[in-house]
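First the structure, in the form of structure tokens, and then the observations on it.
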Amino acid sequence: SIHVLILAGGAGTRFWPASRAARPKQLLPLLGGEPLLAATARRALPLCARGGRAGWERVWIATGQHLVAPTRAALPEVSERRLLVEPAPRNTAPCIGWAAATIARDDPEAVVVVLPSDHHIADVPRFLEALGAAVASAQGGAITTIGVRPTHPETGFGYIEVEEAAGEEGAAPAQPRRVRRFVEKPSHERAAEFVASGRFLWNAGMFIFRAGDMLAAIRAHLPALAAGLDEIDRAAALGPGAEAEAVLRVFPGLPAVSIDHGVMEHVAGLAVVPGDFGWSDVGSWQSAWELADKDERGNSAPAGSVLIDAHGNHVVDLRARAAPDDRRVIALVGVEGLVVVETDDALLIVPRDRAQEVKHAVDALKARG
Ligand code: GDD
Ligand code: MG
């Protein structure tokens, strides 16, 4: 059987003031109507059961205790039993290991497709085609990732060196390749070398494996995590109460490490499926504007906004709008390339090309206490 695990516990400050501790990026409707998390789950559902009700039984969400209520509200289709609630944030290796252990109890051969909750995918059929190839690769015993052709020396991604030089993908069906090495978040200098070499792909943050294979890799490279998972397993054999108690006791002490650093950089025999499906990690307000629907002057703004001689602006209104007679209007006159974000308690105005600097506002507010 095939299961999907969506990682939905991340924080993040690049979408301030929309993102907050209680409402991180994956819970925001950054690109249209639904939160990124809900879009992720709906997109991946066909992998589990070719659609239909049974599919939701194989969709798992890993998130933090403080995000349970908004996560359930964003995705009511996922039952409480499929919510892996982390009592403390420990990065991605522990929650991936916990999911693998839980799924392996029923079926160690089950394939788990791990997906980030906060990305955008333009071409869903090609995305599903790549993941189909990755599932087949995982069924053959290889921990498999999805690789995206790099366009610039980004230092916020992992890089995957393929064994043979990557050729042109074009419309050819996605085929798994053997991985020479996996390098998580290199320096700018190394990233530039990797991109220039033509042998590297960006890691899209998706991991596909048989549950038992991931547990074996964790046992080999993160023994402290394996020991903690064993303890949870032993408790699970006693019943759900004992399991929940063990999670509360054990999880906060698990090593806080990403799957990339903790496992992927060390494990041999990895495979990567190159995917060309319009992938974006939606890393800033700038990329949200790039992906948004825009008018003929390049403005993305809520209906009803007044735009006069305004060009290339990104206007976002995330106020809760509790009052039905709230008719506040946003008007832009004679401005270009701005990001304007309104929430119930903050207003952000920043040039689009400086959107990354929003984190300085977050730092300034933190310093104020
Ligand atoms: N449940 C849970 N618990 N989810 C988490 C946690 C956690 O403690 N920490 C992060 N996540 C979720 C995030 O919400 C996101 O969906 C996903 O896991 C990846 O975490 P990020 O924090 O966004 O990782 P990253 O972007 O720095 O790096 C990863 O993604 C890149 C592609 O976007 C790595 O896999 C890189 O190699 C990769 O290139
Ligand atoms: Mg990310």
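Residue numbering restarts at 1 for every chain of the structure tokens, chains are lettered A, B, ... in their displayed order, and ligands are numbered from 1 as they appear.
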Which residues come within 8 Å of Pro176 (chain A), counting only C-alpha atoms, excluding same-chain residues fewer than 4 positions away, as a compact mmCIF listing (two decimals) with N, CA and C atoms, in the first residue's frame?
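The file below, around-v8.txt, is the result:
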# COMPACT_ATOMS: atom_id res chain seq x y z
N ALA A 133 6.98 7.17 -10.60
CA ALA A 133 8.29 6.55 -10.87
C ALA A 133 9.08 6.39 -9.57
N ALA A 134 8.94 7.37 -8.67
CA ALA A 134 9.66 7.30 -7.39
C ALA A 134 9.10 6.17 -6.52
N SER A 137 10.56 3.01 -7.77
CA SER A 137 11.95 2.94 -7.33
C SER A 137 12.05 2.52 -5.86
N ALA A 271 18.27 6.96 -4.72
CA ALA A 271 17.88 7.22 -6.11
C ALA A 271 17.20 8.58 -6.18
N VAL A 272 17.25 9.20 -7.36
CA VAL A 272 16.54 10.47 -7.55
C VAL A 272 15.78 10.40 -8.87
N VAL A 273 14.55 10.88 -8.83
CA VAL A 273 13.76 11.00 -10.06
C VAL A 273 13.75 12.47 -10.43
N PRO A 274 14.35 12.82 -11.58
CA PRO A 274 14.31 14.23 -11.99
C PRO A 274 12.87 14.60 -12.35
Could you make a table, as a Markdown table, of the residues of chain A that have an atom within 6 Å of an atom of ligand 1, each with its nearest atom pair and distance in Å to one decimal, counting only C-alpha atoms and all ligand atoms, in chain and number order?
| residue | atom | partner | partner_atom_place_in_ligand_line | distance |
| --- | --- | --- | --- | --- |
| A:Leu7 | CA | ligand 1 | 4 (N) | 4.2 |
| A:Ala8 | CA | ligand 1 | 14 (O) | 4.3 |
| A:Gly9 | CA | ligand 1 | 4 (N) | 3.3 |
| A:Gly10 | CA | ligand 1 | 14 (O) | 3.3 |
| A:Ala62 | CA | ligand 1 | 1 (N) | 4.0 |
| A:Thr63 | CA | ligand 1 | 1 (N) | 3.9 |
| A:Pro89 | CA | ligand 1 | 8 (O) | 4.2 |
| A:Arg90 | CA | ligand 1 | 8 (O) | 4.6 |
| A:Asn91 | CA | ligand 1 | 8 (O) | 3.3 |
| A:Thr92 | CA | ligand 1 | 6 (C) | 4.8 |
| A:Cys95 | CA | ligand 1 | 1 (N) | 5.9 |
| A:Pro116 | CA | ligand 1 | 16 (O) | 3.5 |
| A:Ser117 | CA | ligand 1 | 16 (O) | 4.2 |
| A:Asp118 | CA | ligand 1 | 16 (O) | 5.1 |
| A:Phe157 | CA | ligand 1 | 39 (O) | 3.2 |
| A:Gly158 | CA | ligand 1 | 37 (O) | 3.3 |
| A:Glu184 | CA | ligand 1 | 37 (O) | 5.4 |
| A:Trp202 | CA | ligand 1 | 39 (O) | 5.8 |
| A:Asn203 | CA | ligand 1 | 39 (O) | 4.2 |
| A:Ala204 | CA | ligand 1 | 32 (C) | 4.5 |
| A:Gly205 | CA | ligand 1 | 35 (O) | 3.7 |
| A:Asp260 | CA | ligand 1 | 35 (O) | 5.7 |
| A:Asp281 | CA | ligand 1 | 33 (O) | 5.1 |
| request: Could you check which of A:Gly33, A:Pro94, A:Gly156, A:Gly304 is closest to ligand 2, using only C-alpha atoms and all ligand atoms? | output: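 Closest to ligand 2, using only C-alpha atoms and all ligand atoms: A:Gly156.
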| query | Out of region 95-302 of chain A, which residues get strand (DSSP E) from DSSP, as a PyMOL selection string? | reply | chain A and resi 111-116+120-121+144-148+158-162+177-184+200-210+271-274+279-280
| task | Skip Glu265 (chain A) itself and residues of its chain fewer than 3 positions away, then list as a list in words all residues within 12 Å of it, counting only C-alpha atoms. | result | Ile143, Gly158, Tyr159, Ile160, Glu161, Val179, Arg180, Arg181, Phe182, Val183, Glu184, Lys185, Pro186, Asn203, Ala217, Ile218, His221, Leu222, Val257, Ser258, Ile259, Asp260, His261, Gly262, Ala268, Gly269 and Leu270 of chain A
Save the residues we just selected, N, CA and C atoms, as a PDB file, in the first residue's frame?
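For reference, selection.pdb as written:
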ATOM      1  N   ILE A 143      15.793   4.287  -1.204  1.00  0.00           N
ATOM      2  CA  ILE A 143      15.229   5.533  -0.692  1.00  0.00           C
ATOM      3  C   ILE A 143      15.378   6.536  -1.834  1.00  0.00           C
ATOM      4  N   GLY A 158      18.911  21.494  -0.606  1.00  0.00           N
ATOM      5  CA  GLY A 158      19.849  20.396  -0.690  1.00  0.00           C
ATOM      6  C   GLY A 158      20.180  20.131  -2.148  1.00  0.00           C
ATOM      7  N   TYR A 159      21.405  19.647  -2.399  1.00  0.00           N
ATOM      8  CA  TYR A 159      21.844  19.337  -3.763  1.00  0.00           C
ATOM      9  C   TYR A 159      22.117  17.848  -3.891  1.00  0.00           C
ATOM     10  N   ILE A 160      21.708  17.288  -5.029  1.00  0.00           N
ATOM     11  CA  ILE A 160      21.848  15.861  -5.268  1.00  0.00           C
ATOM     12  C   ILE A 160      22.706  15.667  -6.509  1.00  0.00           C
ATOM     13  N   GLU A 161      23.843  14.994  -6.318  1.00  0.00           N
ATOM     14  CA  GLU A 161      24.690  14.695  -7.481  1.00  0.00           C
ATOM     15  C   GLU A 161      24.248  13.368  -8.075  1.00  0.00           C
ATOM     16  N   VAL A 179      22.173   8.041  -7.137  1.00  0.00           N
ATOM     17  CA  VAL A 179      22.717   9.263  -6.534  1.00  0.00           C
ATOM     18  C   VAL A 179      24.157   9.016  -6.117  1.00  0.00           C
ATOM     19  N   ARG A 180      25.048   9.940  -6.455  1.00  0.00           N
ATOM     20  CA  ARG A 180      26.430   9.836  -5.984  1.00  0.00           C
ATOM     21  C   ARG A 180      26.547  10.409  -4.581  1.00  0.00           C
ATOM     22  N   ARG A 181      25.994  11.590  -4.368  1.00  0.00           N
ATOM     23  CA  ARG A 181      25.980  12.140  -3.003  1.00  0.00           C
ATOM     24  C   ARG A 181      24.890  13.174  -2.852  1.00  0.00           C
ATOM     25  N   PHE A 182      24.552  13.406  -1.607  1.00  0.00           N
ATOM     26  CA  PHE A 182      23.514  14.348  -1.223  1.00  0.00           C
ATOM     27  C   PHE A 182      24.176  15.380  -0.323  1.00  0.00           C
ATOM     28  N   VAL A 183      24.092  16.649  -0.690  1.00  0.00           N
ATOM     29  CA  VAL A 183      24.726  17.712   0.107  1.00  0.00           C
ATOM     30  C   VAL A 183      23.649  18.710   0.523  1.00  0.00           C
ATOM     31  N   GLU A 184      23.368  18.762   1.811  1.00  0.00           N
ATOM     32  CA  GLU A 184      22.325  19.664   2.301  1.00  0.00           C
ATOM     33  C   GLU A 184      22.884  21.080   2.484  1.00  0.00           C
ATOM     34  N   LYS A 185      22.184  22.052   1.940  1.00  0.00           N
ATOM     35  CA  LYS A 185      22.473  23.478   2.129  1.00  0.00           C
ATOM     36  C   LYS A 185      23.966  23.832   2.086  1.00  0.00           C
ATOM     37  N   PRO A 186      24.584  23.751   0.919  1.00  0.00           N
ATOM     38  CA  PRO A 186      26.009  24.080   0.784  1.00  0.00           C
ATOM     39  C   PRO A 186      26.239  25.589   0.892  1.00  0.00           C
ATOM     40  N   ASN A 203      17.214  19.252  -4.319  1.00  0.00           N
ATOM     41  CA  ASN A 203      16.320  18.357  -3.614  1.00  0.00           C
ATOM     42  C   ASN A 203      14.995  19.078  -3.376  1.00  0.00           C
ATOM     43  N   ALA A 217      17.634   2.692   7.792  1.00  0.00           N
ATOM     44  CA  ALA A 217      18.581   3.802   7.607  1.00  0.00           C
ATOM     45  C   ALA A 217      18.717   4.617   8.895  1.00  0.00           C
ATOM     46  N   ILE A 218      17.609   4.798   9.591  1.00  0.00           N
ATOM     47  CA  ILE A 218      17.654   5.535  10.859  1.00  0.00           C
ATOM     48  C   ILE A 218      18.457   4.739  11.889  1.00  0.00           C
ATOM     49  N   HIS A 221      22.140   5.313  10.994  1.00  0.00           N
ATOM     50  CA  HIS A 221      22.751   6.648  11.026  1.00  0.00           C
ATOM     51  C   HIS A 221      22.279   7.533  12.173  1.00  0.00           C
ATOM     52  N   LEU A 222      21.144   7.192  12.767  1.00  0.00           N
ATOM     53  CA  LEU A 222      20.648   7.972  13.909  1.00  0.00           C
ATOM     54  C   LEU A 222      20.206   7.013  15.010  1.00  0.00           C
ATOM     55  N   VAL A 257      17.041  16.884  14.371  1.00  0.00           N
ATOM     56  CA  VAL A 257      17.860  16.896  13.161  1.00  0.00           C
ATOM     57  C   VAL A 257      16.947  16.708  11.950  1.00  0.00           C
ATOM     58  N   SER A 258      17.342  17.326  10.842  1.00  0.00           N
ATOM     59  CA  SER A 258      16.530  17.164   9.637  1.00  0.00           C
ATOM     60  C   SER A 258      16.833  15.810   9.005  1.00  0.00           C
ATOM     61  N   ILE A 259      15.890  15.298   8.239  1.00  0.00           N
ATOM     62  CA  ILE A 259      16.098  14.037   7.531  1.00  0.00           C
ATOM     63  C   ILE A 259      17.270  14.178   6.563  1.00  0.00           C
ATOM     64  N   ASP A 260      17.457  15.408   6.062  1.00  0.00           N
ATOM     65  CA  ASP A 260      18.513  15.664   5.075  1.00  0.00           C
ATOM     66  C   ASP A 260      19.896  15.464   5.695  1.00  0.00           C
ATOM     67  N   HIS A 261      20.137  16.163   6.830  1.00  0.00           N
ATOM     68  CA  HIS A 261      21.436  16.031   7.508  1.00  0.00           C
ATOM     69  C   HIS A 261      21.572  14.679   8.200  1.00  0.00           C
ATOM     70  N   GLY A 262      20.476  14.218   8.800  1.00  0.00           N
ATOM     71  CA  GLY A 262      20.566  13.032   9.646  1.00  0.00           C
ATOM     72  C   GLY A 262      20.645  11.726   8.876  1.00  0.00           C
ATOM     73  N   ALA A 268      23.656   5.120   1.660  1.00  0.00           N
ATOM     74  CA  ALA A 268      24.123   4.703   0.321  1.00  0.00           C
ATOM     75  C   ALA A 268      22.943   4.160  -0.480  1.00  0.00           C
ATOM     76  N   GLY A 269      23.085   4.156  -1.786  1.00  0.00           N
ATOM     77  CA  GLY A 269      22.064   3.552  -2.634  1.00  0.00           C
ATOM     78  C   GLY A 269      20.820   4.396  -2.829  1.00  0.00           C
ATOM     79  N   LEU A 270      20.965   5.711  -2.663  1.00  0.00           N
ATOM     80  CA  LEU A 270      19.819   6.599  -2.914  1.00  0.00           C
ATOM     81  C   LEU A 270      19.513   6.658  -4.407  1.00  0.00           C
TER      82      LEU A 270
END
| task | Give me the residues within 12 Å of Asp106 (chain A) as an NGL selection string, counting only C-alpha atoms and dropping any in the same chain fewer than 6 places off. | result | :A and (1 or 3 or 99-100 or 211-212 or 233 or 237)
| message | So that I can see what lies close to region 323-339 of chain A, please list as JSON, numbers by chain the residues with an atom at most 9 Å from it, counting only C-alpha atoms and leaving out residues fewer than 6 positions away in the same chain. | response | {"A": [285, 286, 289, 298, 299, 301, 302, 304, 305, 306, 307, 308, 309, 310, 311, 312, 313, 314, 315, 316, 317, 348, 349, 350, 351, 352, 353, 355]}
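Between Lys25 (chain A) and the candidates A:Ala361, A:Ala288, A:Ile61, A:Leu347, the tightest atom-to-atom separation, counting only C-alpha atoms, involves A:Ala288.
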| said: Could you check the closest approach to ligand 2 for each of A:Ala39, A:Ala74, A:Val247, A:Ala11 and tell me which residue wins, using only C-alpha atoms and all ligand atoms? | reply: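 Among the listed residues, the smallest separation from ligand 2 belongs to A:Ala11.
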